[in-house]
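One file, run.txt, carrying compact mmCIF, N, CA and C atoms:
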# COMPACT_ATOMS: atom_id res chain seq x y z
N MET U 1 160.51 30.90 48.00
CA MET U 1 160.62 30.66 49.41
C MET U 1 160.47 29.17 49.68
N LYS U 2 161.26 28.65 50.55
CA LYS U 2 161.22 27.22 50.86
C LYS U 2 159.99 26.93 51.71
N PRO U 3 159.46 25.72 51.63
CA PRO U 3 158.27 25.39 52.40
C PRO U 3 158.51 25.41 53.91
N GLY U 4 159.71 25.11 54.38
CA GLY U 4 159.99 25.12 55.82
C GLY U 4 160.04 26.53 56.39
N ALA U 5 160.37 27.51 55.54
CA ALA U 5 160.44 28.90 55.98
C ALA U 5 159.06 29.45 56.26
N ILE U 6 158.05 28.95 55.58
CA ILE U 6 156.68 29.42 55.81
C ILE U 6 156.25 29.08 57.22
N PHE U 7 156.67 27.92 57.74
CA PHE U 7 156.31 27.54 59.11
C PHE U 7 157.13 28.30 60.14
N LEU U 8 158.37 28.65 59.81
CA LEU U 8 159.22 29.37 60.76
C LEU U 8 158.82 30.85 60.90
N PHE U 9 158.33 31.43 59.83
CA PHE U 9 157.98 32.85 59.87
C PHE U 9 156.92 33.16 60.94
N PRO U 10 155.78 32.43 61.00
CA PRO U 10 154.79 32.71 62.06
C PRO U 10 155.36 32.42 63.45
N LEU U 11 156.22 31.43 63.56
CA LEU U 11 156.82 31.10 64.85
C LEU U 11 157.72 32.24 65.33
N ILE U 12 158.48 32.83 64.42
CA ILE U 12 159.35 33.96 64.78
C ILE U 12 158.50 35.17 65.21
N ILE U 13 157.41 35.42 64.52
CA ILE U 13 156.52 36.54 64.85
C ILE U 13 155.94 36.33 66.24
N ILE U 14 155.49 35.12 66.54
CA ILE U 14 154.91 34.82 67.86
C ILE U 14 155.95 35.01 68.96
N LEU U 15 157.16 34.55 68.72
CA LEU U 15 158.23 34.71 69.71
C LEU U 15 158.55 36.19 69.95
N LEU U 16 158.58 36.98 68.89
CA LEU U 16 158.82 38.41 69.03
C LEU U 16 157.72 39.09 69.85
N LEU U 17 156.47 38.71 69.57
CA LEU U 17 155.36 39.30 70.33
C LEU U 17 155.41 38.91 71.80
N LEU U 18 155.73 37.67 72.06
CA LEU U 18 155.81 37.21 73.45
C LEU U 18 156.96 37.90 74.19
N SER U 19 158.07 38.07 73.52
CA SER U 19 159.20 38.72 74.19
C SER U 19 158.90 40.19 74.45
N ALA U 20 158.13 40.83 73.58
CA ALA U 20 157.77 42.24 73.79
C ALA U 20 156.79 42.38 74.94
N CYS U 21 155.96 41.37 75.14
CA CYS U 21 154.96 41.42 76.22
C CYS U 21 155.51 40.91 77.54
N ALA U 22 156.68 40.39 77.53
CA ALA U 22 157.27 39.85 78.77
C ALA U 22 157.38 40.95 79.81
N ALA U 23 157.28 40.58 81.04
CA ALA U 23 157.37 41.55 82.15
C ALA U 23 158.74 42.21 82.15
N THR U 24 158.71 43.51 82.20
CA THR U 24 159.97 44.24 82.27
C THR U 24 160.36 44.41 83.73
N GLU U 25 161.62 44.63 83.94
CA GLU U 25 162.12 44.79 85.31
C GLU U 25 161.58 46.08 85.89
N GLU U 26 160.99 46.00 87.08
CA GLU U 26 160.44 47.18 87.72
C GLU U 26 161.56 48.06 88.24
N LYS U 27 161.42 49.32 87.95
CA LYS U 27 162.40 50.27 88.46
C LYS U 27 161.92 50.77 89.81
N LYS U 28 162.77 50.64 90.79
CA LYS U 28 162.42 51.10 92.13
C LYS U 28 162.77 52.58 92.25
N ALA U 29 161.91 53.29 92.95
CA ALA U 29 162.17 54.71 93.19
C ALA U 29 163.37 54.82 94.12
N PRO U 30 164.20 55.83 93.91
CA PRO U 30 165.35 56.00 94.80
C PRO U 30 164.87 56.31 96.22
N PRO U 31 165.62 55.87 97.21
CA PRO U 31 165.20 56.14 98.58
C PRO U 31 165.23 57.64 98.85
N PRO U 32 164.36 58.11 99.74
CA PRO U 32 164.36 59.55 100.04
C PRO U 32 165.69 59.95 100.67
N PRO U 33 166.11 61.18 100.45
CA PRO U 33 167.38 61.60 101.03
C PRO U 33 167.33 61.52 102.55
N ALA U 34 168.44 61.14 103.13
CA ALA U 34 168.51 61.02 104.58
C ALA U 34 168.38 62.40 105.21
N LYS U 35 167.59 62.48 106.24
CA LYS U 35 167.44 63.75 106.94
C LYS U 35 168.64 63.96 107.84
N ILE U 36 169.14 65.16 107.79
CA ILE U 36 170.29 65.49 108.63
C ILE U 36 169.77 65.76 110.04
N LYS U 37 170.31 65.04 110.97
CA LYS U 37 169.91 65.23 112.35
C LYS U 37 170.81 66.28 112.98
N VAL U 38 170.19 67.35 113.40
CA VAL U 38 170.93 68.43 114.03
C VAL U 38 170.42 68.54 115.46
N ASN U 39 171.32 68.64 116.37
CA ASN U 39 170.94 68.77 117.77
C ASN U 39 170.67 70.23 118.10
N ALA U 40 169.66 70.79 117.45
CA ALA U 40 169.31 72.19 117.67
C ALA U 40 168.60 72.33 119.01
N PRO U 41 168.85 73.42 119.69
CA PRO U 41 168.14 73.66 120.96
C PRO U 41 166.65 73.82 120.71
N ASP U 42 165.85 73.46 121.70
CA ASP U 42 164.39 73.53 121.59
C ASP U 42 163.90 74.95 121.33
N TRP U 43 164.58 75.95 121.87
CA TRP U 43 164.08 77.32 121.75
C TRP U 43 164.06 77.82 120.31
N ILE U 44 164.77 77.18 119.40
CA ILE U 44 164.78 77.64 118.01
C ILE U 44 163.41 77.47 117.37
N LEU U 45 162.73 76.39 117.65
CA LEU U 45 161.41 76.16 117.05
C LEU U 45 160.25 76.26 118.03
N HIS U 46 160.51 76.11 119.32
CA HIS U 46 159.41 76.00 120.27
C HIS U 46 159.57 76.93 121.48
N TYR U 47 159.94 78.17 121.26
CA TYR U 47 160.12 79.06 122.40
C TYR U 47 158.83 79.79 122.70
N LYS U 48 158.42 79.76 123.96
CA LYS U 48 157.23 80.49 124.38
C LYS U 48 157.46 80.99 125.80
N ASN U 49 157.19 82.26 125.97
CA ASN U 49 157.31 82.88 127.29
C ASN U 49 156.18 83.89 127.41
N ASP U 50 155.35 83.72 128.43
CA ASP U 50 154.18 84.58 128.58
C ASP U 50 154.54 85.99 129.03
N ARG U 51 155.72 86.18 129.59
CA ARG U 51 156.11 87.49 130.11
C ARG U 51 156.96 88.30 129.14
N LYS U 52 157.38 87.68 128.03
CA LYS U 52 158.29 88.35 127.11
C LYS U 52 157.82 88.21 125.68
N ILE U 53 158.24 89.15 124.85
CA ILE U 53 158.05 89.06 123.41
C ILE U 53 159.43 88.75 122.83
N CYS U 54 159.51 87.68 122.05
CA CYS U 54 160.81 87.24 121.56
C CYS U 54 160.82 87.10 120.04
N GLY U 55 162.00 87.21 119.50
CA GLY U 55 162.21 87.01 118.07
C GLY U 55 163.54 86.30 117.86
N ILE U 56 163.58 85.45 116.87
CA ILE U 56 164.82 84.73 116.57
C ILE U 56 165.44 85.35 115.32
N GLY U 57 166.72 85.65 115.42
CA GLY U 57 167.48 86.14 114.28
C GLY U 57 168.43 85.07 113.81
N ILE U 58 168.55 84.92 112.50
CA ILE U 58 169.40 83.90 111.91
C ILE U 58 170.30 84.56 110.87
N SER U 59 171.55 84.14 110.86
CA SER U 59 172.48 84.67 109.87
C SER U 59 173.41 83.57 109.40
N LYS U 60 173.58 83.49 108.09
CA LYS U 60 174.55 82.56 107.51
C LYS U 60 175.95 83.14 107.71
N PRO U 61 177.00 82.37 107.47
CA PRO U 61 178.36 82.90 107.62
C PRO U 61 178.54 84.19 106.81
N HIS U 62 179.22 85.13 107.43
CA HIS U 62 179.45 86.44 106.80
C HIS U 62 180.87 86.50 106.27
N ILE U 63 181.03 87.16 105.16
CA ILE U 63 182.35 87.26 104.54
C ILE U 63 183.35 87.95 105.46
N LYS U 64 182.87 88.82 106.35
CA LYS U 64 183.77 89.55 107.24
C LYS U 64 183.89 88.90 108.62
N GLY U 65 183.36 87.71 108.78
CA GLY U 65 183.59 86.97 110.01
C GLY U 65 182.43 86.95 110.99
N LEU U 66 182.69 86.33 112.12
CA LEU U 66 181.68 86.09 113.15
C LEU U 66 181.09 87.37 113.74
N PRO U 67 181.86 88.43 114.03
CA PRO U 67 181.24 89.63 114.60
C PRO U 67 180.14 90.21 113.69
N TYR U 68 180.36 90.21 112.40
CA TYR U 68 179.36 90.72 111.46
C TYR U 68 178.17 89.78 111.38
N GLN U 69 178.44 88.49 111.40
CA GLN U 69 177.37 87.50 111.36
C GLN U 69 176.48 87.64 112.60
N ARG U 70 177.11 87.82 113.74
CA ARG U 70 176.38 87.98 115.00
C ARG U 70 175.54 89.25 114.99
N LEU U 71 176.10 90.34 114.53
CA LEU U 71 175.38 91.61 114.48
C LEU U 71 174.17 91.52 113.55
N LEU U 72 174.31 90.83 112.44
CA LEU U 72 173.20 90.66 111.51
C LEU U 72 172.08 89.83 112.15
N ALA U 73 172.44 88.76 112.85
CA ALA U 73 171.43 87.92 113.51
C ALA U 73 170.70 88.71 114.59
N ILE U 74 171.43 89.50 115.36
CA ILE U 74 170.81 90.32 116.41
C ILE U 74 169.84 91.32 115.78
N SER U 75 170.26 91.96 114.72
CA SER U 75 169.39 92.93 114.03
C SER U 75 168.11 92.26 113.53
N ARG U 76 168.22 91.07 113.01
CA ARG U 76 167.04 90.36 112.51
C ARG U 76 166.13 89.93 113.66
N GLY U 77 166.71 89.56 114.80
CA GLY U 77 165.90 89.21 115.96
C GLY U 77 165.10 90.41 116.47
N ILE U 78 165.74 91.57 116.53
CA ILE U 78 165.05 92.80 116.96
C ILE U 78 163.95 93.16 115.97
N ASP U 79 164.24 93.03 114.70
CA ASP U 79 163.24 93.32 113.68
C ASP U 79 162.03 92.40 113.82
N GLU U 80 162.26 91.14 114.17
CA GLU U 80 161.17 90.19 114.37
C GLU U 80 160.28 90.62 115.54
N ILE U 81 160.89 91.08 116.62
CA ILE U 81 160.11 91.58 117.77
C ILE U 81 159.29 92.79 117.34
N ALA U 82 159.92 93.69 116.62
CA ALA U 82 159.22 94.91 116.17
C ALA U 82 158.01 94.56 115.31
N ARG U 83 158.15 93.59 114.45
CA ARG U 83 157.02 93.19 113.60
C ARG U 83 155.87 92.64 114.44
N GLN U 84 156.19 91.90 115.51
CA GLN U 84 155.15 91.38 116.38
C GLN U 84 154.40 92.51 117.09
N LEU U 85 155.07 93.61 117.30
CA LEU U 85 154.45 94.76 117.95
C LEU U 85 153.70 95.65 116.96
N GLY U 86 153.73 95.28 115.69
CA GLY U 86 153.07 96.08 114.68
C GLY U 86 153.86 97.31 114.31
N VAL U 87 155.16 97.22 114.45
CA VAL U 87 156.05 98.34 114.19
C VAL U 87 156.58 98.23 112.76
N THR U 88 156.69 99.37 112.09
CA THR U 88 157.31 99.39 110.78
C THR U 88 158.82 99.33 110.95
N VAL U 89 159.47 98.43 110.23
CA VAL U 89 160.90 98.20 110.42
C VAL U 89 161.67 98.50 109.14
N GLU U 90 162.77 99.22 109.29
CA GLU U 90 163.69 99.45 108.18
C GLU U 90 165.09 99.26 108.73
N THR U 91 165.81 98.29 108.19
CA THR U 91 167.14 97.97 108.68
C THR U 91 168.18 98.26 107.60
N LYS U 92 169.30 98.82 108.02
CA LYS U 92 170.38 99.11 107.09
C LYS U 92 171.70 98.74 107.75
N LEU U 93 172.49 97.92 107.07
CA LEU U 93 173.83 97.57 107.53
C LEU U 93 174.81 98.29 106.62
N GLU U 94 175.79 98.93 107.22
CA GLU U 94 176.75 99.71 106.45
C GLU U 94 178.16 99.29 106.83
N THR U 95 178.93 98.91 105.85
CA THR U 95 180.34 98.61 106.11
C THR U 95 181.17 99.76 105.57
N TYR U 96 182.26 100.01 106.25
CA TYR U 96 183.11 101.11 105.79
C TYR U 96 184.57 100.75 105.97
N MET U 97 185.42 101.43 105.22
CA MET U 97 186.86 101.22 105.29
C MET U 97 187.53 102.58 105.20
N THR U 98 188.43 102.82 106.11
CA THR U 98 189.22 104.05 106.07
C THR U 98 190.68 103.67 106.15
N GLY U 99 191.53 104.53 105.68
CA GLY U 99 192.93 104.19 105.77
C GLY U 99 193.84 105.23 105.17
N THR U 100 195.09 105.00 105.40
CA THR U 100 196.16 105.82 104.83
C THR U 100 197.09 104.88 104.09
N SER U 101 198.21 105.41 103.64
CA SER U 101 199.17 104.55 102.94
C SER U 101 199.83 103.57 103.90
N GLU U 102 199.71 103.82 105.21
CA GLU U 102 200.38 102.95 106.18
C GLU U 102 199.43 102.02 106.94
N SER U 103 198.15 102.36 107.02
CA SER U 103 197.23 101.52 107.79
C SER U 103 195.83 101.59 107.20
N VAL U 104 195.06 100.55 107.51
CA VAL U 104 193.68 100.46 107.04
C VAL U 104 192.83 99.97 108.20
N SER U 105 191.64 100.51 108.35
CA SER U 105 190.71 100.00 109.34
C SER U 105 189.35 99.85 108.69
N THR U 106 188.64 98.83 109.12
CA THR U 106 187.29 98.59 108.60
C THR U 106 186.32 98.56 109.76
N GLY U 107 185.06 98.71 109.45
CA GLY U 107 184.06 98.68 110.49
C GLY U 107 182.69 98.36 109.93
N LEU U 108 181.75 98.20 110.82
CA LEU U 108 180.37 97.90 110.45
C LEU U 108 179.46 98.72 111.33
N SER U 109 178.52 99.38 110.72
CA SER U 109 177.50 100.10 111.45
C SER U 109 176.16 99.48 111.11
N SER U 110 175.30 99.36 112.10
CA SER U 110 173.97 98.81 111.88
C SER U 110 172.95 99.84 112.29
N TYR U 111 172.04 100.13 111.39
CA TYR U 111 170.96 101.05 111.69
C TYR U 111 169.66 100.28 111.53
N SER U 112 168.88 100.25 112.56
CA SER U 112 167.58 99.61 112.49
C SER U 112 166.57 100.62 112.99
N VAL U 113 165.74 101.10 112.10
CA VAL U 113 164.77 102.13 112.45
C VAL U 113 163.40 101.48 112.56
N GLN U 114 162.82 101.56 113.74
CA GLN U 114 161.48 101.05 113.96
C GLN U 114 160.56 102.24 114.24
N THR U 115 159.50 102.35 113.50
CA THR U 115 158.56 103.43 113.68
C THR U 115 157.30 102.86 114.31
N SER U 116 156.90 103.42 115.42
CA SER U 116 155.73 102.90 116.11
C SER U 116 154.95 104.04 116.74
N ASN U 117 153.91 103.70 117.41
CA ASN U 117 153.10 104.67 118.13
C ASN U 117 153.65 104.84 119.54
N GLY U 118 154.86 105.36 119.64
CA GLY U 118 155.46 105.61 120.94
C GLY U 118 156.07 104.39 121.61
N ARG U 119 156.12 103.26 120.95
CA ARG U 119 156.66 102.03 121.56
C ARG U 119 158.12 101.87 121.13
N THR U 120 158.99 101.64 122.09
CA THR U 120 160.41 101.45 121.82
C THR U 120 160.75 99.97 121.96
N VAL U 121 161.55 99.46 121.04
CA VAL U 121 161.98 98.06 121.09
C VAL U 121 163.34 98.03 121.77
N GLU U 122 163.37 97.51 122.99
CA GLU U 122 164.62 97.36 123.74
C GLU U 122 164.76 95.89 124.10
N ALA U 123 165.48 95.17 123.30
CA ALA U 123 165.60 93.72 123.48
C ALA U 123 167.00 93.35 123.95
N GLU U 124 167.08 92.21 124.59
CA GLU U 124 168.34 91.65 125.06
C GLU U 124 168.51 90.25 124.50
N ILE U 125 169.76 89.82 124.40
CA ILE U 125 170.05 88.46 123.95
C ILE U 125 169.72 87.50 125.09
N GLU U 126 168.82 86.56 124.81
CA GLU U 126 168.49 85.52 125.78
C GLU U 126 169.40 84.31 125.59
N LYS U 127 169.51 83.87 124.34
CA LYS U 127 170.30 82.68 124.03
C LYS U 127 170.90 82.82 122.64
N ALA U 128 171.99 82.11 122.40
CA ALA U 128 172.62 82.10 121.08
C ALA U 128 173.16 80.69 120.82
N TRP U 129 173.22 80.34 119.53
CA TRP U 129 173.69 79.01 119.15
C TRP U 129 174.22 79.06 117.73
N ILE U 130 175.29 78.32 117.45
CA ILE U 130 175.83 78.19 116.10
C ILE U 130 175.68 76.74 115.67
N ASN U 131 175.04 76.55 114.51
CA ASN U 131 174.91 75.23 113.92
C ASN U 131 176.26 74.86 113.32
N GLU U 132 176.90 73.84 113.85
CA GLU U 132 178.25 73.47 113.41
C GLU U 132 178.27 72.95 111.97
N GLU U 133 177.15 72.38 111.49
CA GLU U 133 177.12 71.84 110.13
C GLU U 133 176.97 72.93 109.08
N THR U 134 176.10 73.91 109.33
CA THR U 134 175.83 74.96 108.35
C THR U 134 176.53 76.27 108.71
N GLU U 135 177.06 76.37 109.91
CA GLU U 135 177.71 77.57 110.45
C GLU U 135 176.75 78.76 110.54
N GLU U 136 175.45 78.49 110.60
CA GLU U 136 174.47 79.55 110.79
C GLU U 136 174.46 79.96 112.26
N PHE U 137 174.27 81.25 112.50
CA PHE U 137 174.23 81.80 113.85
C PHE U 137 172.78 82.09 114.19
N PHE U 138 172.30 81.57 115.31
CA PHE U 138 170.93 81.77 115.78
C PHE U 138 171.00 82.55 117.09
N VAL U 139 170.15 83.55 117.22
CA VAL U 139 170.10 84.31 118.46
C VAL U 139 168.64 84.53 118.84
N LEU U 140 168.33 84.38 120.12
CA LEU U 140 167.00 84.62 120.65
C LEU U 140 167.02 85.96 121.36
N MET U 141 166.30 86.92 120.80
CA MET U 141 166.20 88.26 121.37
C MET U 141 164.85 88.38 122.05
N CYS U 142 164.83 88.94 123.28
CA CYS U 142 163.57 89.07 124.01
C CYS U 142 163.49 90.43 124.69
N MET U 143 162.25 90.88 124.88
CA MET U 143 161.98 92.10 125.64
C MET U 143 160.74 91.86 126.49
N ASP U 144 160.66 92.58 127.61
CA ASP U 144 159.50 92.46 128.48
C ASP U 144 158.27 93.03 127.79
N LYS U 145 157.11 92.42 128.10
CA LYS U 145 155.85 92.92 127.51
C LYS U 145 155.45 94.23 128.11

Structure encoded using structure tokens:
Amino acid sequence: MKPGAIFLFPLIIILLLLSACAATEEKKAPPPPAKIKVNAPDWILHYKNDRKICGIGISKPHIKGLPYQRLLAISRGIDEIARQLGVTVETKLETYMTGTSESVSTGLSSYSVQTSNGRTVEAEIEKAWINEETEEFFVLMCMDK
């Protein structure tokens, strides 16, 4: 080994150590995802009425269209009212198709059975709204106390 290499070897080691200890570039956390601003009506989250019992029904887009989506949301709103009354709820949606070789018809039946101590759930639609971004259907169902 040459005498000049002996002096370079410790210098190279020191440079390697210093470069390893050098400050690394800080990685910044990605910004939080932007919140989608939806102009939802106040009644969806903050509805209160002292004279009525209300429930909100929500339904995502239905494969069979808006009438089915609406019926599902209404059924869920009624079920929500029934639960507030301490009623046992069992809901069943049934689709059917009938036809001949010349024509076909389809339909939807909704059965919502609420069992209670003589209390009947008779609710009406107070308000309805469709979220244009998600196409979810919201309905506010209410009944008198």

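Relative to CA of Lys127 (chain U), CA of Lys60 (chain U) is found at 17.1 Å.
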
Write out as a PDB file with N, CA and C atoms, in the frame of the given file which residues come within 6.5 Å of Met141 (chain U) when counting all atoms listed in the file, dropping same-chain ones fewer than 3 positions away.
ATOM      1  N   ILE U  53     158.240  89.150 124.850  1.00  0.00           N
ATOM      2  CA  ILE U  53     158.050  89.060 123.410  1.00  0.00           C
ATOM      3  C   ILE U  53     159.430  88.750 122.830  1.00  0.00           C
ATOM      4  N   CYS U  54     159.510  87.680 122.050  1.00  0.00           N
ATOM      5  CA  CYS U  54     160.810  87.240 121.560  1.00  0.00           C
ATOM      6  C   CYS U  54     160.820  87.100 120.040  1.00  0.00           C
ATOM      7  N   GLY U  55     162.000  87.210 119.500  1.00  0.00           N
ATOM      8  CA  GLY U  55     162.210  87.010 118.070  1.00  0.00           C
ATOM      9  C   GLY U  55     163.540  86.300 117.860  1.00  0.00           C
ATOM     10  N   ILE U  56     163.580  85.450 116.870  1.00  0.00           N
ATOM     11  CA  ILE U  56     164.820  84.730 116.570  1.00  0.00           C
ATOM     12  C   ILE U  56     165.440  85.350 115.320  1.00  0.00           C
ATOM     13  N   GLY U  57     166.720  85.650 115.420  1.00  0.00           N
ATOM     14  CA  GLY U  57     167.480  86.140 114.280  1.00  0.00           C
ATOM     15  C   GLY U  57     168.430  85.070 113.810  1.00  0.00           C
ATOM     16  N   GLY U  77     166.710  89.560 114.800  1.00  0.00           N
ATOM     17  CA  GLY U  77     165.900  89.210 115.960  1.00  0.00           C
ATOM     18  C   GLY U  77     165.100  90.410 116.470  1.00  0.00           C
ATOM     19  N   ILE U  78     165.740  91.570 116.530  1.00  0.00           N
ATOM     20  CA  ILE U  78     165.050  92.800 116.960  1.00  0.00           C
ATOM     21  C   ILE U  78     163.950  93.160 115.970  1.00  0.00           C
ATOM     22  N   ALA U 123     165.480  95.170 123.300  1.00  0.00           N
ATOM     23  CA  ALA U 123     165.600  93.720 123.480  1.00  0.00           C
ATOM     24  C   ALA U 123     167.000  93.350 123.950  1.00  0.00           C
ATOM     25  N   GLU U 124     167.080  92.210 124.590  1.00  0.00           N
ATOM     26  CA  GLU U 124     168.340  91.650 125.060  1.00  0.00           C
ATOM     27  C   GLU U 124     168.510  90.250 124.500  1.00  0.00           C
ATOM     28  N   ILE U 125     169.760  89.820 124.400  1.00  0.00           N
ATOM     29  CA  ILE U 125     170.050  88.460 123.950  1.00  0.00           C
ATOM     30  C   ILE U 125     169.720  87.500 125.090  1.00  0.00           C
ATOM     31  N   GLU U 126     168.820  86.560 124.810  1.00  0.00           N
ATOM     32  CA  GLU U 126     168.490  85.520 125.780  1.00  0.00           C
ATOM     33  C   GLU U 126     169.400  84.310 125.590  1.00  0.00           C
ATOM     34  N   LYS U 127     169.510  83.870 124.340  1.00  0.00           N
ATOM     35  CA  LYS U 127     170.300  82.680 124.030  1.00  0.00           C
ATOM     36  C   LYS U 127     170.900  82.820 122.640  1.00  0.00           C
TER      37      LYS U 127
END

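Using only C-alpha atoms, the residues found no farther than 9 Å from Glu135 (chain U), other than those of its own chain fewer than 3 positions away, are Ser59, Lys60, Pro61, Ile130, Asn131 and Glu132 of chain U.
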